[in-house]
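The next block is data.cif, given as mmCIF, C-alpha atoms.
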data_work
loop_
_atom_site.label_atom_id
_atom_site.label_comp_id
_atom_site.auth_asym_id
_atom_site.auth_seq_id
_atom_site.Cartn_x
_atom_site.Cartn_y
_atom_site.Cartn_z
CA MET A 1 -11.54 16.13 63.56
CA LEU A 2 -14.10 13.61 62.35
CA GLN A 3 -17.76 14.41 62.78
CA LYS A 4 -19.18 12.59 65.81
CA ILE A 5 -21.83 10.06 64.79
CA ARG A 6 -24.61 9.44 67.31
CA ARG A 7 -25.31 5.75 67.83
CA VAL A 8 -28.54 4.62 69.52
CA ILE A 9 -28.64 0.92 70.41
CA THR A 10 -31.81 -0.89 71.43
CA GLY A 11 -32.26 -4.09 73.37
CA HIS A 12 -34.58 -5.77 75.87
CA ASN A 13 -35.03 -5.32 79.62
CA PRO A 14 -35.47 -8.31 81.99
CA GLN A 15 -39.23 -8.15 81.38
CA GLY A 16 -38.66 -8.60 77.62
CA GLN A 17 -39.67 -5.03 76.75
CA SER A 18 -37.77 -3.03 74.14
CA VAL A 19 -35.48 -0.36 75.64
CA ILE A 20 -32.65 1.99 74.72
CA ILE A 21 -29.39 0.35 75.83
CA SER A 22 -27.03 3.12 74.72
CA ASP A 23 -27.30 6.62 73.22
CA SER A 24 -24.00 8.38 72.54
CA ALA A 25 -21.42 9.11 69.88
CA SER A 26 -19.77 5.93 68.63
CA PRO A 27 -16.25 5.66 70.09
CA HIS A 28 -15.11 3.37 67.25
CA SER A 29 -13.45 5.75 64.78
CA LEU A 30 -10.30 5.74 62.70
CA THR A 31 -8.90 8.99 61.38
CA LEU A 32 -6.89 8.64 58.19
CA LEU A 33 -6.12 12.38 57.99
CA ASP A 34 -6.73 15.06 60.64
CA SER A 35 -6.98 18.18 58.53
CA PRO A 36 -9.22 18.07 56.68
CA ALA A 37 -11.09 15.30 58.46
CA PHE A 38 -10.96 11.99 56.57
CA GLY A 39 -11.88 8.74 58.25
CA LEU A 40 -14.58 6.36 59.34
CA THR A 41 -16.78 5.54 62.29
CA ASP A 42 -17.99 2.00 62.90
CA LEU A 43 -21.49 1.84 64.37
CA TRP A 44 -22.03 -1.92 64.62
CA ILE A 45 -20.40 -5.20 63.61
CA THR A 46 -21.94 -8.64 63.37
CA HIS A 47 -19.91 -11.82 63.43
CA THR A 48 -22.51 -14.27 62.12
CA ILE A 49 -25.71 -14.38 60.12
CA PRO A 50 -28.27 -14.87 61.50
CA VAL A 51 -27.36 -12.39 64.23
CA ASN A 52 -27.83 -13.10 67.95
CA ASN A 53 -29.81 -10.11 69.30
CA SER A 54 -30.13 -11.47 72.85
CA ASP A 55 -26.87 -10.03 74.27
CA ASN A 56 -27.64 -6.56 75.69
CA ASN A 57 -24.37 -6.12 77.56
CA SER A 58 -21.68 -6.15 74.91
CA ASP A 59 -20.66 -3.69 72.25
CA ALA A 60 -20.14 -5.85 69.18
CA THR A 61 -18.00 -3.10 67.67
CA LYS A 62 -15.19 -3.36 70.24
CA ARG A 63 -12.33 -4.34 67.96
CA ALA A 64 -9.68 -2.58 65.95
CA VAL A 65 -11.27 -0.65 63.07
CA LYS A 66 -10.73 -2.68 59.90
CA LEU A 67 -11.89 -2.16 56.33
CA THR A 68 -13.71 -5.48 56.00
CA PRO A 69 -16.20 -7.31 58.21
CA PRO A 70 -15.42 -10.53 60.04
CA SER A 71 -15.82 -13.70 58.00
CA GLY A 72 -19.57 -14.38 57.82
CA GLY A 73 -20.38 -10.98 59.33
CA SER A 74 -21.13 -7.36 58.53
CA ILE A 75 -20.17 -3.77 59.39
CA PHE A 76 -22.36 -0.66 59.59
CA ARG A 77 -20.22 2.48 59.29
CA VAL A 78 -20.14 6.12 58.22
CA VAL A 79 -17.20 7.49 56.22
CA GLU A 80 -16.36 11.18 56.05
CA PHE A 81 -14.75 12.13 52.73
CA PRO A 82 -13.19 15.61 52.55
CA PRO A 83 -12.96 17.46 49.24
CA GLU A 84 -10.30 15.68 47.19
CA LYS A 85 -8.40 18.84 46.33
CA GLN A 86 -7.84 19.41 50.08
CA ILE A 87 -6.19 15.99 50.54
CA ALA A 88 -4.30 15.72 47.25
CA GLY A 89 -0.78 14.51 48.04
CA LYS A 90 -1.53 14.19 51.78
CA VAL A 91 -2.84 10.61 51.93
CA ASP A 92 -0.31 7.78 51.90
CA ARG A 93 -2.41 5.00 50.34
CA LYS A 94 -0.22 2.18 51.63
CA ALA A 95 -0.35 3.58 55.17
CA ALA A 96 -4.11 4.22 54.94
CA PHE A 97 -4.92 0.66 53.89
CA ALA A 98 -2.42 -0.75 56.39
CA ALA A 99 -4.19 1.21 59.17
CA LEU A 100 -7.40 -0.55 58.07
CA SER A 101 -5.69 -3.99 58.06
CA ALA A 102 -6.41 -4.08 54.33
CA SER A 103 -3.10 -3.86 52.48
CA ASP A 104 -4.19 -6.82 50.35
CA THR A 105 -7.19 -4.90 48.93
CA ILE A 106 -5.20 -2.20 47.08
CA ASP A 107 -5.26 -2.17 43.28
CA SER A 108 -1.59 -2.23 42.39
CA HIS A 109 -1.82 -1.82 38.62
CA ASN A 110 -3.21 0.98 36.46
CA ALA A 111 -5.58 2.22 39.17
CA ALA A 112 -8.15 4.75 38.00
CA HIS A 113 -7.84 6.44 41.44
CA PRO A 114 -5.10 6.38 44.12
CA LEU A 115 -7.46 4.77 46.69
CA MET A 116 -8.78 2.07 44.34
CA HIS A 117 -9.42 -1.18 46.19
CA LYS A 118 -11.39 -4.42 46.03
CA THR A 119 -12.94 -6.35 48.91
CA ASN A 120 -14.80 -9.64 49.17
CA THR A 121 -17.99 -7.91 50.28
CA ILE A 122 -21.31 -6.64 49.07
CA ASP A 123 -21.61 -3.02 50.18
CA TYR A 124 -24.72 -0.89 50.45
CA ALA A 125 -23.79 2.80 50.27
CA ILE A 126 -26.17 5.66 51.09
CA VAL A 127 -25.04 9.27 50.65
CA ILE A 128 -26.08 11.11 53.84
CA SER A 129 -24.81 14.53 52.82
CA GLY A 130 -22.81 16.03 49.99
CA GLN A 131 -21.90 14.34 46.75
CA ILE A 132 -19.30 11.82 45.68
CA TYR A 133 -18.19 9.92 42.60
CA ALA A 134 -18.14 6.13 42.65
CA VAL A 135 -15.07 5.36 40.51
CA LEU A 136 -14.78 1.98 38.77
CA GLU A 137 -12.23 0.57 36.35
CA ALA A 138 -14.40 1.38 33.32
CA GLY A 139 -16.52 4.34 34.33
CA GLU A 140 -17.85 6.38 37.21
CA THR A 141 -21.07 7.94 38.44
CA LEU A 142 -21.90 10.96 40.59
CA LEU A 143 -24.01 10.24 43.68
CA HIS A 144 -25.93 12.97 45.52
CA THR A 145 -27.54 13.14 48.98
CA GLY A 146 -30.06 10.32 49.26
CA ASP A 147 -28.62 8.25 46.40
CA CYS A 148 -27.76 4.60 47.02
CA LEU A 149 -25.21 2.29 45.43
CA VAL A 150 -24.78 -1.47 45.67
CA GLN A 151 -21.09 -2.37 45.31
CA ARG A 152 -20.71 -6.06 44.49
CA GLY A 153 -17.07 -7.02 45.00
CA THR A 154 -15.82 -4.63 42.32
CA ASN A 155 -12.57 -2.71 42.19
CA HIS A 156 -13.65 0.80 43.24
CA ALA A 157 -12.77 4.12 44.86
CA TRP A 158 -14.60 7.19 46.15
CA SER A 159 -13.82 10.70 44.89
CA ASN A 160 -15.27 13.85 46.47
CA ARG A 161 -14.68 16.54 43.82
CA SER A 162 -16.95 19.08 45.49
CA GLU A 163 -16.02 21.92 47.85
CA LYS A 164 -17.70 20.35 50.93
CA PRO A 165 -17.23 17.16 52.96
CA CYS A 166 -19.38 14.16 52.06
CA LEU A 167 -20.81 11.63 54.54
CA VAL A 168 -21.65 8.15 53.27
CA ALA A 169 -23.23 5.36 55.32
CA PHE A 170 -22.09 1.86 54.38
CA VAL A 171 -23.22 -1.63 55.26
CA LEU A 172 -20.50 -4.13 54.29
CA ILE A 173 -21.43 -7.81 54.26
CA ASP A 174 -18.91 -10.61 53.86
CA ALA A 175 -19.18 -12.25 50.41
CA LYS A 176 -17.52 -14.94 48.35
CA PRO A 177 -14.67 -13.66 46.14
CA VAL A 178 -15.56 -12.80 42.54
#

Do you think you could lay out the structure here as structure tokens?
Amino acid sequence: MLQKIRRVITGHNPQGQSVIISDSASPHSLTLLDSPAFGLTDLWITHTIPVNNSDNNSDATKRAVKLTPPSGGSIFRVVEFPPEKQIAGKVDRKAAFAALSASDTIDSHNAAHPLMHKTNTIDYAIVISGQIYAVLEAGETLLHTGDCLVQRGTNHAWSNRSEKPCLVAFVLIDAKPV
């Protein structure tokens, strides 16, 4: 089962003061594999930039969980990556990307990793806990807790070669294709 991610949302009361609108685990998750837990939790989605912060009554994340943000928008999410040796041979890459409405993002030739993909986004990745390799077509780098990566529309994958799960927070922002 995926780790529950607490989501605190702020807004404004009728007097214009800042208040907590919601404080609970985000219900917007997609499990790609139950055991061990592998999947993602969406915390917030924007549909335009600049963002309209005046609507206190709607959960902008109420949509099917998809890999990429809406056109002109963004996604804030946390992904739980189990140790790769625990999921070897268990993940059907076509089914996983189809579940994320992202079959068109899969690298179909000479992929350096089975989950290699490319999106028209700029992604900010922050390792919350654990460690993970960012795998590219011509190289890779190991990221530890607290490390950050800016992924700029490149073909990439994530590989947790440790013995423990890894949590990574991502902000994906729609971008022009490379």

(message) Counting all atoms listed in the file, which residue out of A:Ile122, A:Val8, A:Ile21, A:Ile75 sits closest to Ala175 in chain A?
(response) A:Ile122

Could you work out an axis-aligned bounding box for all listed atoms of range 122-137 of chain A, with 5 Å added on each of the six sides, and give its centre and edge lengths in Å to one decimal, as lines of an AutoDock Vina configuration file?
center_x = -19.2
center_y = 4.7
center_z = 45.1
size_x = 23.9
size_y = 32.7
size_z = 27.5

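Considering all atoms listed in the file, the residue among A:Ser18, A:Asn155, A:Thr145, A:Ser129 positioned nearest to Phe81 in chain A is A:Ser129.
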
(request) Would you kindly translate the PyMOL selection byres ((chain A and resi 61) around 10) into the concrete residues it picks from this file, as number ranges by chain? (result) A: 26-28, 42-47, 58-60, 62-65, 75-76

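Omitting His144 in chain A and its sequence neighbours fewer than 6 positions away, and counting only C-alpha atoms, the residues within 9 Å are Val127, Ile128, Ser129, Gly130, Gln131, Ile132 and Tyr133 of chain A.
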
(request) Given the file shown, enumerate the residues that the PyMOL selection byres ((chain A and resi 101-116) around 9) captures and present them as a ChimeraX atom specification. (result) /A:64-68,93-100,117-120,135-138,155-159

Which residues come within 9 Å of Phe170 in chain A, counting only C-alpha atoms, excluding same-chain residues fewer than 6 positions away, as a PDB file with C-alpha atoms, keeping the file's coordinate frame?
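See result-v4.pdb below for the written result:
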ATOM      1  CA  ILE A  75     -20.170  -3.770  59.390  1.00  0.00           C
ATOM      2  CA  PHE A  76     -22.360  -0.660  59.590  1.00  0.00           C
ATOM      3  CA  ARG A  77     -20.220   2.480  59.290  1.00  0.00           C
ATOM      4  CA  VAL A  78     -20.140   6.120  58.220  1.00  0.00           C
ATOM      5  CA  VAL A  79     -17.200   7.490  56.220  1.00  0.00           C
ATOM      6  CA  ASP A 123     -21.610  -3.020  50.180  1.00  0.00           C
ATOM      7  CA  TYR A 124     -24.720  -0.890  50.450  1.00  0.00           C
ATOM      8  CA  ALA A 125     -23.790   2.800  50.270  1.00  0.00           C
ATOM      9  CA  ILE A 126     -26.170   5.660  51.090  1.00  0.00           C
ATOM     10  CA  VAL A 127     -25.040   9.270  50.650  1.00  0.00           C
TER      11      VAL A 127
END

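Take the candidates A:Gly11, A:Gly146, A:Pro36, A:Gly153 and check each one against Glu84 in chain A using all atoms listed in the file; the shortest distance goes to A:Pro36.
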
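If you measure from each of A:Val171, A:Pro50, A:Lys4, A:Gly89 to Leu149 in chain A using only C-alpha atoms, the closest one turns out to be A:Val171.
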
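The two atoms in question, CA of Ser74 in chain A and CA of Ile173 in chain A, are spaced 4.3 Å apart.
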
(message) Need to verify the contact set: Phe38 in chain A, 12 Å, only C-alpha atoms, exclusion of same-chain residues closer than 6 positions in sequence. Can you return it as an NGL selection string?
(response) :A and (1-3 or 29-32 or 78-84 or 86-87 or 90-91 or 96 or 160 or 165-168)

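CA of Ser22 in chain A to CA of Asn53 in chain A spans 14.6 Å [interatomic distance, one decimal].
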
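The coordinates place CA of Thr48 in chain A at 5.2 Å from CA of Gly72 in chain A.
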
(request) Could you tell me which of A:Ser54, A:Thr141, A:Thr121, A:Ser71 comes closest to Pro177 in chain A if we count only C-alpha atoms? (result) A:Thr121
